[in-house]
$ cat final.cif   # mmCIF, C-alpha atoms
data_work
#
loop_
_atom_site.label_atom_id
_atom_site.label_comp_id
_atom_site.auth_asym_id
_atom_site.auth_seq_id
_atom_site.Cartn_x
_atom_site.Cartn_y
_atom_site.Cartn_z
CA MET D 1 -18.22 20.68 0.69
CA LYS D 2 -14.77 19.72 -0.50
CA PRO D 3 -14.88 17.59 -3.67
CA ASP D 4 -13.75 14.01 -3.11
CA ILE D 5 -11.43 11.94 -5.23
CA PHE D 6 -14.36 10.17 -6.91
CA GLN D 7 -15.88 13.39 -8.14
CA ALA D 8 -12.46 14.51 -9.25
CA ILE D 9 -11.82 11.52 -11.48
CA ALA D 10 -15.42 11.21 -12.69
CA ASP D 11 -14.72 13.96 -15.23
CA PRO D 12 -12.92 12.92 -18.46
CA THR D 13 -11.02 16.21 -18.80
CA ARG D 14 -9.69 15.95 -15.28
CA ARG D 15 -8.61 12.38 -15.93
CA ALA D 16 -6.79 13.59 -19.03
CA ILE D 17 -5.09 16.33 -17.02
CA LEU D 18 -4.00 13.76 -14.44
CA THR D 19 -2.62 11.50 -17.15
CA LEU D 20 -0.66 14.38 -18.58
CA LEU D 21 0.69 15.36 -15.18
CA THR D 22 1.98 11.84 -14.54
CA ILE D 23 4.45 12.51 -17.35
CA GLN D 24 5.53 15.99 -16.31
CA ALA D 25 4.53 18.94 -14.13
CA LEU D 26 2.73 21.69 -16.05
CA THR D 27 1.62 25.29 -15.63
CA PRO D 28 -2.07 26.19 -16.02
CA ASN D 29 -1.23 28.03 -19.25
CA VAL D 30 0.33 24.98 -20.85
CA MET D 31 -2.62 22.82 -19.74
CA ALA D 32 -5.03 25.29 -21.34
CA GLU D 33 -3.06 25.11 -24.59
CA LYS D 34 -2.89 21.32 -24.63
CA PHE D 35 -6.63 20.97 -24.10
CA ASP D 36 -7.60 23.93 -26.23
CA MET D 37 -9.59 25.34 -23.31
CA SER D 38 -9.92 28.74 -21.73
CA ARG D 39 -7.68 29.56 -18.78
CA GLN D 40 -10.85 29.90 -16.75
CA ALA D 41 -12.09 26.40 -17.57
CA VAL D 42 -8.70 24.92 -16.75
CA SER D 43 -8.59 26.81 -13.46
CA LYS D 44 -11.86 25.20 -12.45
CA HIS D 45 -10.50 21.71 -13.05
CA ILE D 46 -7.25 22.56 -11.28
CA LYS D 47 -9.20 23.79 -8.29
CA VAL D 48 -11.11 20.49 -7.99
CA LEU D 49 -7.97 18.36 -8.42
CA HIS D 50 -6.02 20.51 -5.98
CA GLU D 51 -8.75 20.51 -3.32
CA CYS D 52 -8.74 16.75 -3.15
CA ASP D 53 -4.93 16.60 -3.16
CA LEU D 54 -4.57 14.77 -6.46
CA ILE D 55 -2.24 17.52 -7.68
CA LYS D 56 0.20 19.81 -5.88
CA PRO D 57 1.31 23.31 -6.87
CA GLU D 58 4.96 24.29 -6.79
CA GLN D 59 6.20 27.79 -7.34
CA SER D 60 9.09 28.07 -9.77
CA GLY D 61 10.10 31.66 -10.40
CA ARG D 62 6.97 33.45 -11.59
CA GLU D 63 5.22 30.29 -12.69
CA ILE D 64 3.20 27.71 -10.76
CA TYR D 65 3.76 24.13 -11.82
CA TYR D 66 1.24 21.45 -10.89
CA HIS D 67 2.55 17.99 -9.98
CA PHE D 68 0.65 14.71 -9.85
CA ASN D 69 0.31 13.41 -6.29
CA ALA D 70 0.73 9.66 -6.73
CA LYS D 71 0.26 9.05 -3.00
CA LYS D 72 -3.30 10.25 -3.18
CA MET D 73 -4.06 7.98 -6.10
CA GLN D 74 -2.65 5.09 -4.09
CA GLU D 75 -5.29 5.76 -1.47
CA PHE D 76 -7.87 5.11 -4.12
CA ASP D 77 -6.23 1.79 -4.92
CA HIS D 78 -6.23 0.87 -1.25
CA TRP D 79 -9.88 1.68 -1.10
CA LEU D 80 -10.50 -0.63 -4.04
CA ALA D 81 -8.43 -3.33 -2.38
CA GLN D 82 -10.80 -3.13 0.54
CA PHE D 83 -13.74 -3.58 -1.77
CA ARG D 84 -12.05 -6.58 -3.33
CA GLN D 85 -11.39 -8.03 0.13
CA ASN D 86 -15.10 -7.91 0.93
CA TRP D 87 -15.88 -9.94 -2.16
CA GLU D 88 -13.18 -12.42 -1.31
CA THR D 89 -14.66 -12.91 2.16
CA GLN D 90 -18.14 -13.40 0.72
CA PHE D 91 -16.99 -15.90 -1.87
CA ASN D 92 -15.06 -17.90 0.70
CA GLN D 93 -18.28 -18.08 2.69
CA LEU D 94 -20.07 -19.29 -0.42
CA ASP D 95 -17.42 -22.02 -0.85
CA GLU D 96 -18.35 -23.23 2.63
CA VAL D 97 -22.08 -23.17 1.88
CA LEU D 98 -21.57 -25.10 -1.37
CA SER D 99 -19.40 -27.78 0.20
CA THR D 100 -21.88 -28.20 3.07
CA ILE D 101 -24.74 -28.73 0.63
CA LYS D 102 -22.68 -31.17 -1.41
CA GLU D 103 -21.86 -33.14 1.75
CA GLN D 104 -25.53 -33.32 2.71
CA LYS D 105 -26.47 -34.68 -0.70
CA LYS D 106 -24.00 -37.57 -0.46
CA MET S 1 -11.06 -22.26 0.61
CA ASN S 2 -9.63 -23.62 -2.58
CA ASN S 3 -6.71 -21.57 -3.84
CA ASP S 4 -6.80 -23.11 -7.30
CA LEU S 5 -10.09 -21.41 -8.05
CA LEU S 6 -9.92 -18.30 -10.16
CA PHE S 7 -10.71 -14.94 -8.62
CA ASP S 8 -10.49 -11.78 -10.70
CA PHE S 9 -11.45 -8.32 -9.61
CA ASN S 10 -11.06 -5.39 -11.98
CA VAL S 11 -12.30 -1.85 -11.92
CA ASP S 12 -12.60 0.30 -15.00
CA LYS S 13 -12.67 3.71 -13.39
CA ALA S 14 -13.51 5.51 -16.61
CA ALA S 15 -16.44 3.22 -17.39
CA LYS S 16 -17.52 3.20 -13.71
CA THR S 17 -17.71 -0.57 -14.01
CA VAL S 18 -16.49 -3.36 -11.75
CA TYR S 19 -15.75 -6.79 -13.20
CA ILE S 20 -15.62 -9.81 -10.92
CA THR S 21 -14.96 -13.41 -11.94
CA ARG S 22 -14.91 -16.31 -9.52
CA GLU S 23 -14.90 -20.08 -9.93
CA PHE S 24 -16.67 -22.44 -7.54
CA ASN S 25 -16.09 -26.09 -6.91
CA ALA S 26 -19.72 -27.09 -7.57
CA GLY S 27 -22.13 -27.71 -10.42
CA GLN S 28 -23.86 -24.88 -12.23
CA ALA S 29 -27.34 -25.73 -10.88
CA LEU S 30 -26.18 -25.52 -7.29
CA VAL S 31 -24.20 -22.30 -7.79
CA TRP S 32 -27.19 -20.79 -9.56
CA ASP S 33 -29.34 -21.63 -6.54
CA ALA S 34 -26.78 -20.04 -4.21
CA PHE S 35 -27.13 -16.76 -6.10
CA THR S 36 -30.88 -16.83 -6.63
CA LYS S 37 -32.47 -18.37 -3.53
CA ALA S 38 -32.97 -16.19 -0.48
CA GLU S 39 -32.25 -18.89 2.12
CA LEU S 40 -28.87 -19.60 0.47
CA LEU S 41 -28.00 -15.97 -0.27
CA ASP S 42 -28.49 -15.09 3.37
CA GLN S 43 -25.85 -17.65 4.32
CA TRP S 44 -23.01 -15.99 2.43
CA MET S 45 -23.92 -12.66 0.87
CA ALA S 46 -22.72 -10.51 3.76
CA PRO S 47 -19.02 -10.62 4.69
CA ALA S 48 -18.69 -11.84 8.29
CA PRO S 49 -19.22 -10.48 10.93
CA MET S 50 -22.03 -8.86 8.98
CA ARG S 51 -25.05 -10.99 8.15
CA ALA S 52 -27.72 -10.72 5.48
CA LYS S 53 -31.46 -10.96 6.05
CA THR S 54 -33.93 -11.22 3.17
CA LYS S 55 -37.38 -9.89 3.99
CA TYR S 56 -38.86 -11.23 0.78
CA MET S 57 -37.65 -12.33 -2.64
CA ASN S 58 -39.61 -12.93 -5.84
CA PHE S 59 -37.08 -14.24 -8.28
CA GLU S 60 -38.89 -13.47 -11.54
CA VAL S 61 -38.59 -10.72 -14.14
CA GLY S 62 -39.97 -7.56 -12.54
CA GLY S 63 -39.79 -9.22 -9.11
CA ARG S 64 -37.74 -7.94 -6.19
CA ARG S 65 -35.57 -8.96 -3.31
CA PHE S 66 -35.74 -6.69 -0.28
CA TYR S 67 -32.92 -7.39 2.15
CA ALA S 68 -30.68 -5.92 4.81
CA MET S 69 -27.03 -6.19 5.79
CA ILE S 70 -26.89 -6.29 9.57
CA SER S 71 -23.83 -5.41 11.60
CA PRO S 72 -22.92 -7.12 14.90
CA ASP S 73 -24.28 -4.10 16.81
CA GLY S 74 -27.64 -4.42 15.03
CA GLN S 75 -27.39 -1.63 12.47
CA GLU S 76 -29.39 -2.47 9.35
CA ARG S 77 -28.60 -1.29 5.84
CA TRP S 78 -31.50 -2.05 3.50
CA ALA S 79 -31.37 -2.52 -0.26
CA VAL S 80 -33.69 -3.55 -3.08
CA GLN S 81 -32.79 -5.72 -6.03
CA GLU S 82 -35.14 -5.66 -8.99
CA PHE S 83 -34.73 -8.51 -11.47
CA THR S 84 -34.79 -7.23 -15.02
CA SER S 85 -33.87 -10.36 -16.99
CA ILE S 86 -33.58 -14.07 -16.17
CA THR S 87 -32.28 -16.93 -18.31
CA PRO S 88 -32.43 -19.92 -15.93
CA LYS S 89 -29.06 -21.37 -14.85
CA THR S 90 -27.16 -19.08 -17.24
CA ASN S 91 -27.79 -15.38 -16.70
CA PHE S 92 -29.71 -12.86 -14.69
CA LYS S 93 -29.65 -9.10 -14.48
CA MET S 94 -30.83 -6.82 -11.74
CA TYR S 95 -30.99 -3.24 -10.66
CA ASN S 96 -29.72 -2.73 -7.15
CA ALA S 97 -30.45 0.32 -5.00
CA PHE S 98 -30.08 1.19 -1.34
CA ALA S 99 -33.32 1.83 0.49
CA ASP S 100 -34.75 2.72 3.86
CA LYS S 101 -36.52 0.14 6.02
CA ASP S 102 -39.81 0.99 4.29
CA GLU S 103 -38.38 0.11 0.89
CA ASN S 104 -38.10 3.67 -0.41
CA ARG S 105 -35.23 3.48 -2.86
CA GLU S 106 -32.31 5.89 -3.00
CA LEU S 107 -31.41 6.42 -6.63
CA PRO S 108 -29.25 6.11 -8.59
CA GLY S 109 -28.48 2.47 -8.11
CA SER S 110 -26.29 0.07 -10.06
CA GLU S 111 -26.86 -2.49 -12.79
CA TRP S 112 -25.67 -6.04 -12.14
CA ASP S 113 -25.18 -8.72 -14.76
CA TYR S 114 -24.44 -12.32 -13.66
CA ASN S 115 -23.24 -15.04 -16.04
CA PHE S 116 -22.83 -18.70 -15.12
CA SER S 117 -20.93 -21.40 -17.00
CA GLU S 118 -19.63 -24.85 -16.03
CA GLN S 119 -16.62 -26.84 -17.12
CA ASN S 120 -15.50 -30.14 -15.56
CA GLY S 121 -17.63 -29.62 -12.47
CA ILE S 122 -16.25 -26.13 -11.84
CA THR S 123 -18.72 -23.29 -12.23
CA LYS S 124 -17.50 -19.87 -13.30
CA VAL S 125 -19.50 -16.79 -12.35
CA ASP S 126 -18.88 -13.49 -14.15
CA ILE S 127 -20.32 -10.40 -12.53
CA THR S 128 -20.42 -6.96 -14.12
CA ILE S 129 -21.49 -4.03 -11.97
CA PHE S 130 -22.16 -0.71 -13.63
CA ASN S 131 -22.49 2.28 -11.31
CA GLU S 132 -24.02 5.49 -12.47
CA SER S 133 -21.81 7.38 -10.07
CA PHE S 134 -18.59 6.85 -8.19
CA GLU S 135 -20.24 8.18 -5.07
CA ARG S 136 -22.50 5.18 -5.29
CA LEU S 137 -19.51 2.86 -5.47
CA GLU S 138 -18.17 4.54 -2.38
CA LYS S 139 -21.47 4.03 -0.61
CA LEU S 140 -21.49 0.38 -1.56
CA LEU S 141 -18.31 -0.03 0.40
CA GLU S 142 -19.61 2.17 3.18
CA GLY S 143 -22.41 -0.37 3.58
CA PHE S 144 -19.94 -3.21 3.99
CA LYS S 145 -17.84 -1.15 6.34
CA ILE S 146 -20.28 -1.21 9.23
CA GLY S 147 -19.09 -3.78 11.72
CA PHE S 148 -15.91 -4.54 9.88
CA THR S 149 -13.70 -4.56 12.92
CA ILE S 150 -10.21 -5.51 11.81
CA THR S 151 -9.76 -3.07 8.98
CA LEU S 152 -12.23 -0.52 10.20
CA LYS S 153 -9.66 1.85 11.62
CA ASN S 154 -7.62 2.00 8.41
CA LEU S 155 -10.69 2.48 6.34
CA GLU S 156 -12.05 5.25 8.54
CA ASP S 157 -8.79 7.09 8.24
CA LEU S 158 -8.90 6.65 4.50
CA LEU S 159 -12.51 7.76 4.10
CA ALA S 160 -11.85 10.74 6.33
CA SER S 161 -8.91 11.75 4.19
CA LEU S 162 -10.98 11.34 1.02
CA SER S 163 -13.94 13.41 2.18
#
$ encode --input "final.cif" --output "structure tokens"
Amino acid sequence: MKPDIFQAIADPTRRAILTLLTIQALTPNVMAEKFDMSRQAVSKHIKVLHECDLIKPEQSGREIYYHFNAKKMQEFDHWLAQFRQNWETQFNQLDEVLSTIKEQKK
Amino acid sequence: MNNDLLFDFNVDKAAKTVYITREFNAGQALVWDAFTKAELLDQWMAPAPMRAKTKYMNFEVGGRRFYAMISPDGQERWAVQEFTSITPKTNFKMYNAFADKDENRELPGSEWDYNFSEQNGITKVDITIFNESFERLEKLLEGFKIGFTITLKNLEDLLASLS
């Protein structure tokens, strides 16, 4: 199964990679250096991030640079907005319930 | 709806925690009841057109509430709340987990912490939800999603693109 965005950002190293990529596009080698990790370990993280579209590869000469895909992250924010909306709906319902009870007590 | 009442919703992705604050135009005792009595909870706890149905609720430490969210087409999504700490009118904590209709829980669940305080007849409720996994957070929304007609299409597209 393809990893989803939640699995991708659940890992602290991958979040750090994403943070770094928001500043500038990087090659896997540079990422490995910055995190003091093996190329192999970095490749694993890149694979997860790439599979869920959070980062995008771009060939430049002989090197591959990975870019942060802000659009994908926005989807996550939209998803959260939906969650927030549910709470808003519930609380507005509670407002109604409370005012009804207060009316009855008068 | 009163627009002057505070509503805050924050998610700390790294800490897998959701923070919700809401004020209500009612006294603390009444708001407390609305969060801790089954007959009141069922009136508001599911976002319309969903409705909530509590099968039973023992609001005491170690006690449980077994309830379902029901969609307009009759689909039921069951969950169990287990109360782990209660300080009357001020605070309660619970462990919430989805379940099947026979009350078999699907772990992991999430930890909920509710705080109540009143000032000048306005009661503030602070809710902290800690999820052991983001997948669980996603599922939480999935539960709400059933029967959510207006935004359903958008959300389906989104979930499809995320999976």
$ atom_distance --input "final.cif" --atom1 "CA of Asp42 (chain S)" --atom2 "CA of Thr54 (chain S)"
6.7 Å
$ interface_residues --input "final.cif" --of "chain D" --to "chain S" --cutoff "8 Å" --atoms "all atoms listed in the file" --output "JSON list (two decimals) with C-alpha atoms, in the frame of the given file"
[["chain", "number", "residue", "atom", "x", "y", "z"],
["D", 2, "LYS", "CA", -14.77, 19.72, -0.50],
["D", 3, "PRO", "CA", -14.88, 17.59, -3.67],
["D", 4, "ASP", "CA", -13.75, 14.01, -3.11],
["D", 5, "ILE", "CA", -11.43, 11.94, -5.23],
["D", 6, "PHE", "CA", -14.36, 10.17, -6.91],
["D", 7, "GLN", "CA", -15.88, 13.39, -8.14],
["D", 10, "ALA", "CA", -15.42, 11.21, -12.69],
["D", 12, "PRO", "CA", -12.92, 12.92, -18.46],
["D", 52, "CYS", "CA", -8.74, 16.75, -3.15],
["D", 75, "GLU", "CA", -5.29, 5.76, -1.47],
["D", 79, "TRP", "CA", -9.88, 1.68, -1.10],
["D", 83, "PHE", "CA", -13.74, -3.58, -1.77],
["D", 84, "ARG", "CA", -12.05, -6.58, -3.33],
["D", 86, "ASN", "CA", -15.10, -7.91, 0.93],
["D", 87, "TRP", "CA", -15.88, -9.94, -2.16],
["D", 89, "THR", "CA", -14.66, -12.91, 2.16],
["D", 90, "GLN", "CA", -18.14, -13.40, 0.72],
["D", 91, "PHE", "CA", -16.99, -15.90, -1.87],
["D", 92, "ASN", "CA", -15.06, -17.90, 0.70],
["D", 93, "GLN", "CA", -18.28, -18.08, 2.69],
["D", 94, "LEU", "CA", -20.07, -19.29, -0.42],
["D", 95, "ASP", "CA", -17.42, -22.02, -0.85],
["D", 96, "GLU", "CA", -18.35, -23.23, 2.63],
["D", 97, "VAL", "CA", -22.08, -23.17, 1.88],
["D", 98, "LEU", "CA", -21.57, -25.10, -1.37],
["D", 99, "SER", "CA", -19.40, -27.78, 0.20],
["D", 102, "LYS", "CA", -22.68, -31.17, -1.41]]
$ atom_distance --input "final.cif" --atom1 "CA of Val18 (chain S)" --atom2 "CA of Lys44 (chain D)"
28.9 Å
$ atom_distance --input "final.cif" --atom1 "CA of Thr90 (chain S)" --atom2 "CA of Arg51 (chain S)"
26.7 Å
$ resolve_selection --input "final.cif" --expression "the PyMOL selection byres ((chain S and resi 99) around 12)" --output "list in words"
Arg65, Phe66, Tyr67, Ala68, Met69, Glu76, Arg77, Trp78, Ala79, Val80, Gln81, Asn96, Ala97, Phe98, Asp100, Lys101, Asp102, Glu103, Asn104, Arg105, Glu106, Leu107, Pro108, Gly109 and Gly143 of chain S
$ resolve_selection --input "final.cif" --expression "the PyMOL selection byres ((chain S and resi 59) around 9)" --output "list of chain:residue names"
S:Thr36, S:Lys37, S:Met57, S:Asn58, S:Glu60, S:Val61, S:Gly62, S:Gly63, S:Arg64, S:Arg65, S:Glu82, S:Phe83, S:Ile86
$ closest_residue --input "final.cif" --among "D:Val48, D:Ile17, D:Ile9, D:Leu80" --to "Glu33 (chain D)" --atoms "only C-alpha atoms"
D:Ile17
$ resolve_selection --input "final.cif" --expression "the PyMOL selection byres ((chain S and resi 92) around 9)" --output "ChimeraX atom specification"
/S:83-91,93-94,112-115
$ closest_residue --input "final.cif" --among "D:Thr27, D:Asp77, D:Gln40, D:Arg15" --to "Arg62 (chain D)" --atoms "all atoms listed in the file"
D:Thr27
$ closest_residue --input "final.cif" --among "D:Ser60, D:Gln24, D:Thr19, D:Thr13" --to "Ala41 (chain D)" --atoms "only C-alpha atoms"
D:Thr13
$ closest_residue --input "final.cif" --among "D:Ile23, D:Val30, D:Ala70, D:Ala81" --to "Ile55 (chain D)" --atoms "only C-alpha atoms"
D:Ala70
$ decode --input "final.cif" --residues "region 47-69 of chain S" --atoms "N, CA and C atoms" --output "mmCIF file, in the first residue's frame"
data_model
loop_
_atom_site.group_PDB
_atom_site.id
_atom_site.type_symbol
_atom_site.label_atom_id
_atom_site.label_comp_id
_atom_site.auth_asym_id
_atom_site.auth_seq_id
_atom_site.Cartn_x
_atom_site.Cartn_y
_atom_site.Cartn_z
ATOM 1 N N PRO S 47 -22.475 16.000 14.428
ATOM 2 C CA PRO S 47 -22.805 17.120 13.540
ATOM 3 C C PRO S 47 -23.935 16.716 12.584
ATOM 4 N N ALA S 48 -24.996 17.527 12.546
ATOM 5 C CA ALA S 48 -26.125 17.227 11.660
ATOM 6 C C ALA S 48 -25.616 17.085 10.223
ATOM 7 N N PRO S 49 -26.161 16.209 9.405
ATOM 8 C CA PRO S 49 -27.351 15.374 9.618
ATOM 9 C C PRO S 49 -27.083 14.068 10.365
ATOM 10 N N MET S 50 -25.885 13.929 10.902
ATOM 11 C CA MET S 50 -25.627 12.729 11.703
ATOM 12 C C MET S 50 -26.368 12.891 13.035
ATOM 13 N N ARG S 51 -26.634 11.760 13.713
ATOM 14 C CA ARG S 51 -27.138 11.895 15.079
ATOM 15 C C ARG S 51 -26.402 10.901 15.976
ATOM 16 N N ALA S 52 -26.398 11.204 17.264
ATOM 17 C CA ALA S 52 -25.705 10.340 18.213
ATOM 18 C C ALA S 52 -26.719 9.554 19.022
ATOM 19 N N LYS S 53 -26.366 8.314 19.355
ATOM 20 C CA LYS S 53 -27.240 7.478 20.181
ATOM 21 C C LYS S 53 -26.383 6.796 21.239
ATOM 22 N N THR S 54 -26.684 7.070 22.502
ATOM 23 C CA THR S 54 -25.933 6.443 23.593
ATOM 24 C C THR S 54 -26.668 5.192 24.037
ATOM 25 N N LYS S 55 -25.948 4.058 24.016
ATOM 26 C CA LYS S 55 -26.583 2.814 24.443
ATOM 27 C C LYS S 55 -26.610 2.764 25.966
ATOM 28 N N TYR S 56 -25.460 3.083 26.577
ATOM 29 C CA TYR S 56 -25.458 3.258 28.025
ATOM 30 C C TYR S 56 -24.308 4.184 28.395
ATOM 31 N N MET S 57 -24.393 4.781 29.565
ATOM 32 C CA MET S 57 -23.331 5.665 30.030
ATOM 33 C C MET S 57 -23.272 5.618 31.546
ATOM 34 N N ASN S 58 -22.107 5.224 32.076
ATOM 35 C CA ASN S 58 -21.867 5.302 33.522
ATOM 36 C C ASN S 58 -20.795 6.343 33.739
ATOM 37 N N PHE S 59 -21.215 7.542 34.065
ATOM 38 C CA PHE S 59 -20.236 8.603 34.231
ATOM 39 C C PHE S 59 -19.631 8.528 35.630
ATOM 40 N N GLU S 60 -18.605 7.700 35.757
ATOM 41 C CA GLU S 60 -17.832 7.543 36.988
ATOM 42 C C GLU S 60 -16.455 7.048 36.577
ATOM 43 N N VAL S 61 -15.465 7.202 37.443
ATOM 44 C CA VAL S 61 -14.117 6.765 37.090
ATOM 45 C C VAL S 61 -14.141 5.259 36.844
ATOM 46 N N GLY S 62 -13.634 4.848 35.691
ATOM 47 C CA GLY S 62 -13.666 3.440 35.314
ATOM 48 C C GLY S 62 -14.937 3.071 34.559
ATOM 49 N N GLY S 63 -15.924 3.969 34.560
ATOM 50 C CA GLY S 63 -17.181 3.732 33.849
ATOM 51 C C GLY S 63 -17.041 4.044 32.370
ATOM 52 N N ARG S 64 -18.068 3.665 31.603
ATOM 53 C CA ARG S 64 -17.992 3.828 30.151
ATOM 54 C C ARG S 64 -19.249 4.417 29.551
ATOM 55 N N ARG S 65 -19.051 5.025 28.392
ATOM 56 C CA ARG S 65 -20.181 5.404 27.547
ATOM 57 C C ARG S 65 -20.007 4.655 26.232
ATOM 58 N N PHE S 66 -21.041 3.937 25.849
ATOM 59 C CA PHE S 66 -21.021 3.191 24.596
ATOM 60 C C PHE S 66 -22.066 3.844 23.685
ATOM 61 N N TYR S 67 -21.607 4.375 22.560
ATOM 62 C CA TYR S 67 -22.515 5.171 21.738
ATOM 63 C C TYR S 67 -22.217 4.992 20.258
ATOM 64 N N ALA S 68 -23.145 5.460 19.447
ATOM 65 C CA ALA S 68 -22.961 5.370 17.992
ATOM 66 C C ALA S 68 -23.258 6.712 17.341
ATOM 67 N N MET S 69 -22.571 6.975 16.243
ATOM 68 C CA MET S 69 -22.909 8.080 15.353
ATOM 69 C C MET S 69 -23.674 7.436 14.202
#
